[in-house]
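Text of data_10.pdb, listed as PDB, C-alpha atoms:
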```pdb
ATOM      1  CA  MET A 168     183.308 107.495   6.006
ATOM      2  CA  GLN A 169     181.070 109.882   7.921
ATOM      3  CA  THR A 170     178.604 112.068   6.112
ATOM      4  CA  PRO A 171     178.651 115.806   6.939
ATOM      5  CA  SER A 172     175.379 115.553   8.877
ATOM      6  CA  ASN A 173     176.703 112.651  10.999
ATOM      7  CA  PHE A 174     179.909 114.594  11.640
ATOM      8  CA  LEU A 175     177.946 117.667  12.781
ATOM      9  CA  LEU A 176     175.645 115.581  14.992
ATOM     10  CA  ARG A 177     178.588 113.784  16.580
ATOM     11  CA  GLY A 178     180.419 117.081  17.153
ATOM     12  CA  SER A 179     177.324 118.644  18.696
ATOM     13  CA  LEU A 180     176.826 115.707  21.056
ATOM     14  CA  ILE A 181     180.476 115.754  22.112
ATOM     15  CA  GLY A 182     180.249 119.506  22.739
ATOM     16  CA  LEU A 183     177.093 119.082  24.820
ATOM     17  CA  LEU A 184     178.666 116.309  26.892
ATOM     18  CA  MET A 185     181.777 118.430  27.467
ATOM     19  CA  LEU A 186     179.613 121.326  28.655
ATOM     20  CA  ILE A 187     177.667 119.083  31.045
ATOM     21  CA  CYS A 188     180.848 117.511  32.400
ATOM     22  CA  ALA A 189     182.566 120.885  32.720
ATOM     23  CA  GLN A 190     179.644 122.291  34.701
ATOM     24  CA  GLY A 191     179.719 119.338  37.065
ATOM     25  CA  ALA A 192     183.492 119.530  37.451
ATOM     26  CA  VAL A 193     183.376 123.249  38.193
ATOM     27  CA  ALA A 194     180.586 122.800  40.698
ATOM     28  CA  ALA A 195     182.354 119.977  42.499
ATOM     29  CA  THR A 196     185.835 121.458  42.837
ATOM     30  CA  ALA A 197     185.912 125.224  42.349
ATOM     31  CA  VAL A 198     186.226 127.898  44.981
ATOM     32  CA  LEU A 199     185.247 131.515  44.452
ATOM     33  CA  PRO A 200     188.472 133.286  43.452
ATOM     34  CA  ASP A 201     189.505 136.370  45.370
ATOM     35  CA  ILE A 202     187.982 139.585  44.152
ATOM     36  CA  PRO A 203     191.002 141.049  42.384
ATOM     37  CA  TYR A 204     192.650 144.416  42.716
ATOM     38  CA  PRO A 205     191.441 146.995  41.776
ATOM     39  CA  TYR A 206     187.897 145.769  42.327
ATOM     40  CA  GLN A 207     188.349 145.069  46.020
ATOM     41  CA  ASP A 208     189.332 148.570  47.051
ATOM     42  CA  GLN A 209     188.339 151.190  44.492
ATOM     43  CA  GLN A 210     184.835 152.634  44.607
ATOM     44  CA  GLU A 211     184.825 153.601  40.930
ATOM     45  CA  PHE A 212     184.423 149.921  40.006
ATOM     46  CA  TRP A 213     181.315 149.407  42.172
ATOM     47  CA  VAL A 214     177.637 150.294  41.845
ATOM     48  CA  ASN A 215     175.185 150.072  44.785
ATOM     49  CA  SER A 216     177.926 149.157  47.245
ATOM     50  CA  GLU A 217     181.242 150.007  48.745
ATOM     51  CA  PRO A 218     183.947 147.694  47.386
ATOM     52  CA  LEU A 219     183.467 144.143  48.653
ATOM     53  CA  SER A 220     186.079 141.514  49.414
ATOM     54  CA  ASN A 221     185.848 137.752  49.714
ATOM     55  CA  ALA A 222     186.165 138.094  53.491
ATOM     56  CA  GLN A 223     182.973 140.196  53.519
ATOM     57  CA  LEU A 224     181.143 137.659  51.356
ATOM     58  CA  ARG A 225     182.183 134.550  53.292
ATOM     59  CA  GLY A 226     179.636 133.180  55.708
ATOM     60  CA  LYS A 227     176.689 134.010  53.449
ATOM     61  CA  PRO A 228     175.219 132.141  50.510
ATOM     62  CA  LEU A 229     176.131 134.011  47.336
ATOM     63  CA  LEU A 230     174.630 134.182  43.868
ATOM     64  CA  VAL A 231     177.053 135.622  41.318
ATOM     65  CA  MET A 232     175.625 136.861  38.023
ATOM     66  CA  PHE A 233     177.872 137.697  35.083
ATOM     67  CA  TRP A 234     176.047 140.133  32.840
ATOM     68  CA  THR A 235     176.506 143.046  30.508
ATOM     69  CA  GLN A 236     174.005 145.827  29.992
ATOM     70  CA  GLY A 237     173.791 145.413  26.214
ATOM     71  CA  CYS A 238     173.043 141.662  26.309
ATOM     72  CA  TYR A 239     169.397 140.865  25.561
ATOM     73  CA  ASN A 240     169.518 137.560  27.484
ATOM     74  CA  CYS A 241     171.030 139.308  30.507
ATOM     75  CA  ARG A 242     168.381 142.004  30.488
ATOM     76  CA  ALA A 243     165.652 139.394  30.143
ATOM     77  CA  SER A 244     167.016 137.661  33.276
ATOM     78  CA  LEU A 245     167.010 140.796  35.435
ATOM     79  CA  GLU A 246     163.327 140.583  36.387
ATOM     80  CA  TRP A 247     163.966 137.139  37.847
ATOM     81  CA  ILE A 248     167.190 138.002  39.678
ATOM     82  CA  ASN A 249     165.638 141.181  41.111
ATOM     83  CA  THR A 250     162.797 139.008  42.434
ATOM     84  CA  VAL A 251     165.331 136.597  43.970
ATOM     85  CA  HIS A 252     167.086 139.548  45.606
ATOM     86  CA  HIS A 253     163.836 140.815  47.161
ATOM     87  CA  ARG A 254     162.788 137.324  48.243
ATOM     88  CA  PHE A 255     166.062 136.194  49.861
ATOM     89  CA  HIS A 256     168.085 139.286  50.776
ATOM     90  CA  GLU A 257     166.610 139.684  54.264
ATOM     91  CA  GLN A 258     167.371 136.001  54.918
ATOM     92  CA  GLY A 259     171.073 136.573  54.258
ATOM     93  CA  LEU A 260     171.574 135.932  50.541
ATOM     94  CA  GLN A 261     174.163 138.147  48.888
ATOM     95  CA  ILE A 262     173.877 138.662  45.149
ATOM     96  CA  LEU A 263     176.924 139.978  43.327
ATOM     97  CA  GLY A 264     176.432 141.275  39.823
ATOM     98  CA  VAL A 265     179.618 141.204  37.764
ATOM     99  CA  HIS A 266     179.278 143.540  34.785
ATOM    100  CA  THR A 267     181.779 142.324  32.203
ATOM    101  CA  PRO A 268     181.474 144.216  28.906
ATOM    102  CA  GLU A 269     181.026 142.411  25.630
ATOM    103  CA  PHE A 270     181.720 145.563  23.589
ATOM    104  CA  PRO A 271     184.021 148.545  24.276
ATOM    105  CA  TYR A 272     181.155 151.044  24.770
ATOM    106  CA  GLU A 273     179.903 148.920  27.696
ATOM    107  CA  LYS A 274     183.020 149.839  29.713
ATOM    108  CA  ASN A 275     181.576 153.304  30.338
ATOM    109  CA  SER A 276     181.005 153.418  34.106
ATOM    110  CA  GLN A 277     178.283 156.077  33.909
ATOM    111  CA  LEU A 278     176.379 153.991  31.373
ATOM    112  CA  VAL A 279     176.606 150.975  33.695
ATOM    113  CA  ARG A 280     175.373 153.104  36.623
ATOM    114  CA  ASP A 281     172.488 154.462  34.546
ATOM    115  CA  LYS A 282     171.477 151.006  33.298
ATOM    116  CA  THR A 283     171.742 149.519  36.784
ATOM    117  CA  ALA A 284     169.273 152.160  38.004
ATOM    118  CA  GLU A 285     167.034 151.770  34.928
ATOM    119  CA  PHE A 286     166.844 147.991  35.404
ATOM    120  CA  GLY A 287     166.017 148.343  39.109
ATOM    121  CA  ILE A 288     169.135 146.489  40.280
ATOM    122  CA  GLU A 289     169.634 147.028  44.018
ATOM    123  CA  PHE A 290     172.363 144.465  44.732
ATOM    124  CA  PRO A 291     176.090 145.252  44.408
ATOM    125  CA  VAL A 292     177.531 145.355  40.906
ATOM    126  CA  MET A 293     181.256 145.093  40.289
ATOM    127  CA  MET A 294     182.487 146.420  36.945
ATOM    128  CA  ASP A 295     184.948 143.916  35.512
ATOM    129  CA  ASN A 296     186.108 145.963  32.507
ATOM    130  CA  ASP A 297     189.405 144.087  32.153
ATOM    131  CA  PHE A 298     187.844 140.607  32.503
ATOM    132  CA  ILE A 299     189.975 139.871  35.574
ATOM    133  CA  PHE A 300     187.180 138.260  37.625
ATOM    134  CA  TRP A 301     185.644 136.731  34.461
ATOM    135  CA  LYS A 302     188.944 134.945  33.780
ATOM    136  CA  GLY A 303     189.378 134.027  37.449
ATOM    137  CA  MET A 304     185.984 132.318  37.389
ATOM    138  CA  ARG A 305     186.754 130.781  33.977
ATOM    139  CA  ASN A 306     183.466 132.164  32.791
ATOM    140  CA  ARG A 307     182.557 132.127  29.105
ATOM    141  CA  TRP A 308     178.938 133.241  28.699
ATOM    142  CA  TRP A 309     176.496 136.053  29.451
ATOM    143  CA  PRO A 310     174.512 135.581  31.568
ATOM    144  CA  THR A 311     175.919 132.955  33.883
ATOM    145  CA  PHE A 312     174.790 132.405  37.467
ATOM    146  CA  TYR A 313     177.005 130.777  40.100
ATOM    147  CA  VAL A 314     175.617 129.452  43.389
ATOM    148  CA  VAL A 315     178.300 129.751  46.083
ATOM    149  CA  ASP A 316     178.020 128.352  49.598
ATOM    150  CA  GLN A 317     178.977 130.041  52.868
ATOM    151  CA  ARG A 318     182.552 128.734  52.637
ATOM    152  CA  GLY A 319     183.091 130.158  49.155
ATOM    153  CA  ARG A 320     182.690 126.875  47.273
ATOM    154  CA  ILE A 321     180.970 127.089  43.896
ATOM    155  CA  LEU A 322     178.149 124.560  44.052
ATOM    156  CA  ASP A 323     176.671 125.032  40.612
ATOM    157  CA  ALA A 324     176.753 127.125  37.456
ATOM    158  CA  TYR A 325     173.744 127.979  35.308
ATOM    159  CA  ILE A 326     174.260 129.364  31.844
ATOM    160  CA  GLY A 327     171.763 131.438  29.901
ATOM    161  CA  GLU A 328     168.636 133.472  30.243
ATOM    162  CA  THR A 329     166.613 132.686  33.352
ATOM    163  CA  HIS A 330     162.985 133.569  34.109
ATOM    164  CA  ARG A 331     160.598 133.237  37.008
ATOM    165  CA  ALA A 332     158.570 130.045  37.348
ATOM    166  CA  THR A 333     160.790 127.871  35.174
ATOM    167  CA  GLU A 334     162.492 124.604  36.043
ATOM    168  CA  LYS A 335     165.917 126.289  36.059
ATOM    169  CA  SER A 336     164.863 129.195  38.278
ATOM    170  CA  ALA A 337     163.065 126.826  40.669
ATOM    171  CA  HIS A 338     166.193 124.687  40.950
ATOM    172  CA  ILE A 339     168.396 127.713  41.701
ATOM    173  CA  GLU A 340     165.914 129.110  44.226
ATOM    174  CA  ASN A 341     165.638 125.713  45.968
ATOM    175  CA  GLN A 342     169.440 125.532  46.235
ATOM    176  CA  LEU A 343     169.524 129.036  47.718
ATOM    177  CA  ALA A 344     166.716 128.233  50.180
ATOM    178  CA  ARG A 345     168.597 125.118  51.371
ATOM    179  CA  LEU A 346     171.779 127.145  51.860
ATOM    180  CA  LEU A 347     169.887 129.822  53.801
ATOM    181  CA  ALA A 348     168.194 127.201  55.990
ATOM    182  CA  ASN A 349     171.611 125.756  56.933
ATOM    183  CA  GLN A 350     173.141 128.994  58.176
TER     184      GLN A 350
END
```

What do you get writing this file as structure tokens?
Amino acid sequence: MQTPSNFLLRGSLIGLLMLICAQGAVAATAVLPDIPYPYQDQQEFWVNSEPLSNAQLRGKPLLVMFWTQGCYNCRASLEWINTVHHRFHEQGLQILGVHTPEFPYEKNSQLVRDKTAEFGIEFPVMMDNDFIFWKGMRNRWWPTFYVVDQRGRILDAYIGETHRATEKSAHIENQLARLLANQ
């Protein structure tokens, strides 16, 4: 008979292994889903950009960030992703912010526009108020970062807060640099 602490430890280890395997499986087989209607052709769902389509994104390395303006971990990651944008944008990297609200008040498009400006975000942000793209990507966490190659294949997913000069950020930036060098 297992004690409660052994049961919890075993369950935690199984959960961790499932997460690691799921990340590897997603990275090895997934393709960026099409940007769904209405996000592909209605300006009201976009900040800092005209509506984008997959055809416009293909041919460039892409970093997709799922975030929401009220999430502390997302906001803590914005300094890093803004730095990545400034470092790699001129080399051809496209960053796509996907604002998917955690709470109903975060669906307010003016609030998202105001917070995007306040946080200094200059890359395109798509408002995914109905979780259409979130579900298409099978995303589950804020923030999550997806590295996508020029053909639209998802190479890797990184979950959680990310900062400059950490092992995780260095790994993502190295992946992006390799993709940009192979254009």

Apply the PyMOL selection byres ((chain A and resi 325) around 9) to the structure shown and report the selected residues as an MDAnalysis selection string.
chainID A and resid 190 310:314 323:324 326:327 329 335 339

Given the file shown, determine the residues that the PyMOL selection byres ((chain A and resi 247) around 9) selects; report them as a compact mmCIF listing (two decimals) with C-alpha atoms, keeping the file's coordinate frame.
```
# COMPACT_ATOMS: atom_id res chain seq x y z
CA ALA A 243 165.65 139.39 30.14
CA SER A 244 167.02 137.66 33.28
CA LEU A 245 167.01 140.80 35.44
CA GLU A 246 163.33 140.58 36.39
CA ILE A 248 167.19 138.00 39.68
CA ASN A 249 165.64 141.18 41.11
CA THR A 250 162.80 139.01 42.43
CA VAL A 251 165.33 136.60 43.97
CA HIS A 252 167.09 139.55 45.61
CA THR A 329 166.61 132.69 33.35
CA HIS A 330 162.99 133.57 34.11
CA ARG A 331 160.60 133.24 37.01
CA ALA A 332 158.57 130.04 37.35
CA SER A 336 164.86 129.20 38.28
```

Using all atoms listed in the file, find each residue in range 224-282 of chain A having at least one atom no more than 12 Å away from range 201-213 of chain A; report its shortest atom-to-atom pair and that distance in Å (one decimal), rows by chain then rising number, as a tab-separated table.
```
residue	atom	partner	partner_atom	distance
A:Leu224	CA	A:Ile202	CA	10.1
A:Arg225	CA	A:Asp201	CA	10.9
A:Val231	CA	A:Ile202	CA	12.0
A:Leu263	CA	A:Trp213	CA	10.5
A:Gly264	CA	A:Trp213	CA	9.8
A:Val265	CA	A:Trp213	CA	9.5
A:His266	CA	A:Trp213	CA	9.7
A:Thr267	CA	A:Phe212	CA	11.2
A:Lys274	CA	A:Phe212	CA	10.4
A:Asn275	CA	A:Phe212	CA	10.6
A:Ser276	CA	A:Phe212	CA	7.7
A:Gln277	CA	A:Glu211	CA	9.9
A:Val279	CA	A:Trp213	CA	9.8
A:Arg280	CA	A:Trp213	CA	8.9
```

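The space separating CA of Asp316 in chain A from CA of Glu340 in chain A comes to 13.3 Å.
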
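The smallest atom-to-atom distance between Leu343 in chain A and any of A:Thr235, A:Thr283, A:Ser220, A:Gln258, using all atoms listed in the file, is found for A:Gln258.
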
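If all atoms listed in the file are the atoms counted, then among A:Pro291, A:Pro268, A:Gly259, A:Gly319 the closest residue to Ala344 in chain A is A:Gly259.
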
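Here CA of Leu199 in chain A is placed at a distance of 8.5 Å from CA of Gly303 in chain A.
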
Considering only C-alpha atoms, state which residue in the set A:Pro271, A:His256, A:Arg320, A:Met294 is at the smallest distance from Asn221 in chain A.
A:Arg320

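Note that CA of His253 in chain A and CA of Asn215 in chain A are 14.8 Å apart.
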
Name the closest residue to Asn296 in chain A among the candidates A:Thr333, A:Trp234, A:Asn341, A:Ala284; distances are taken between atoms, counting all atoms listed in the file.
A:Trp234
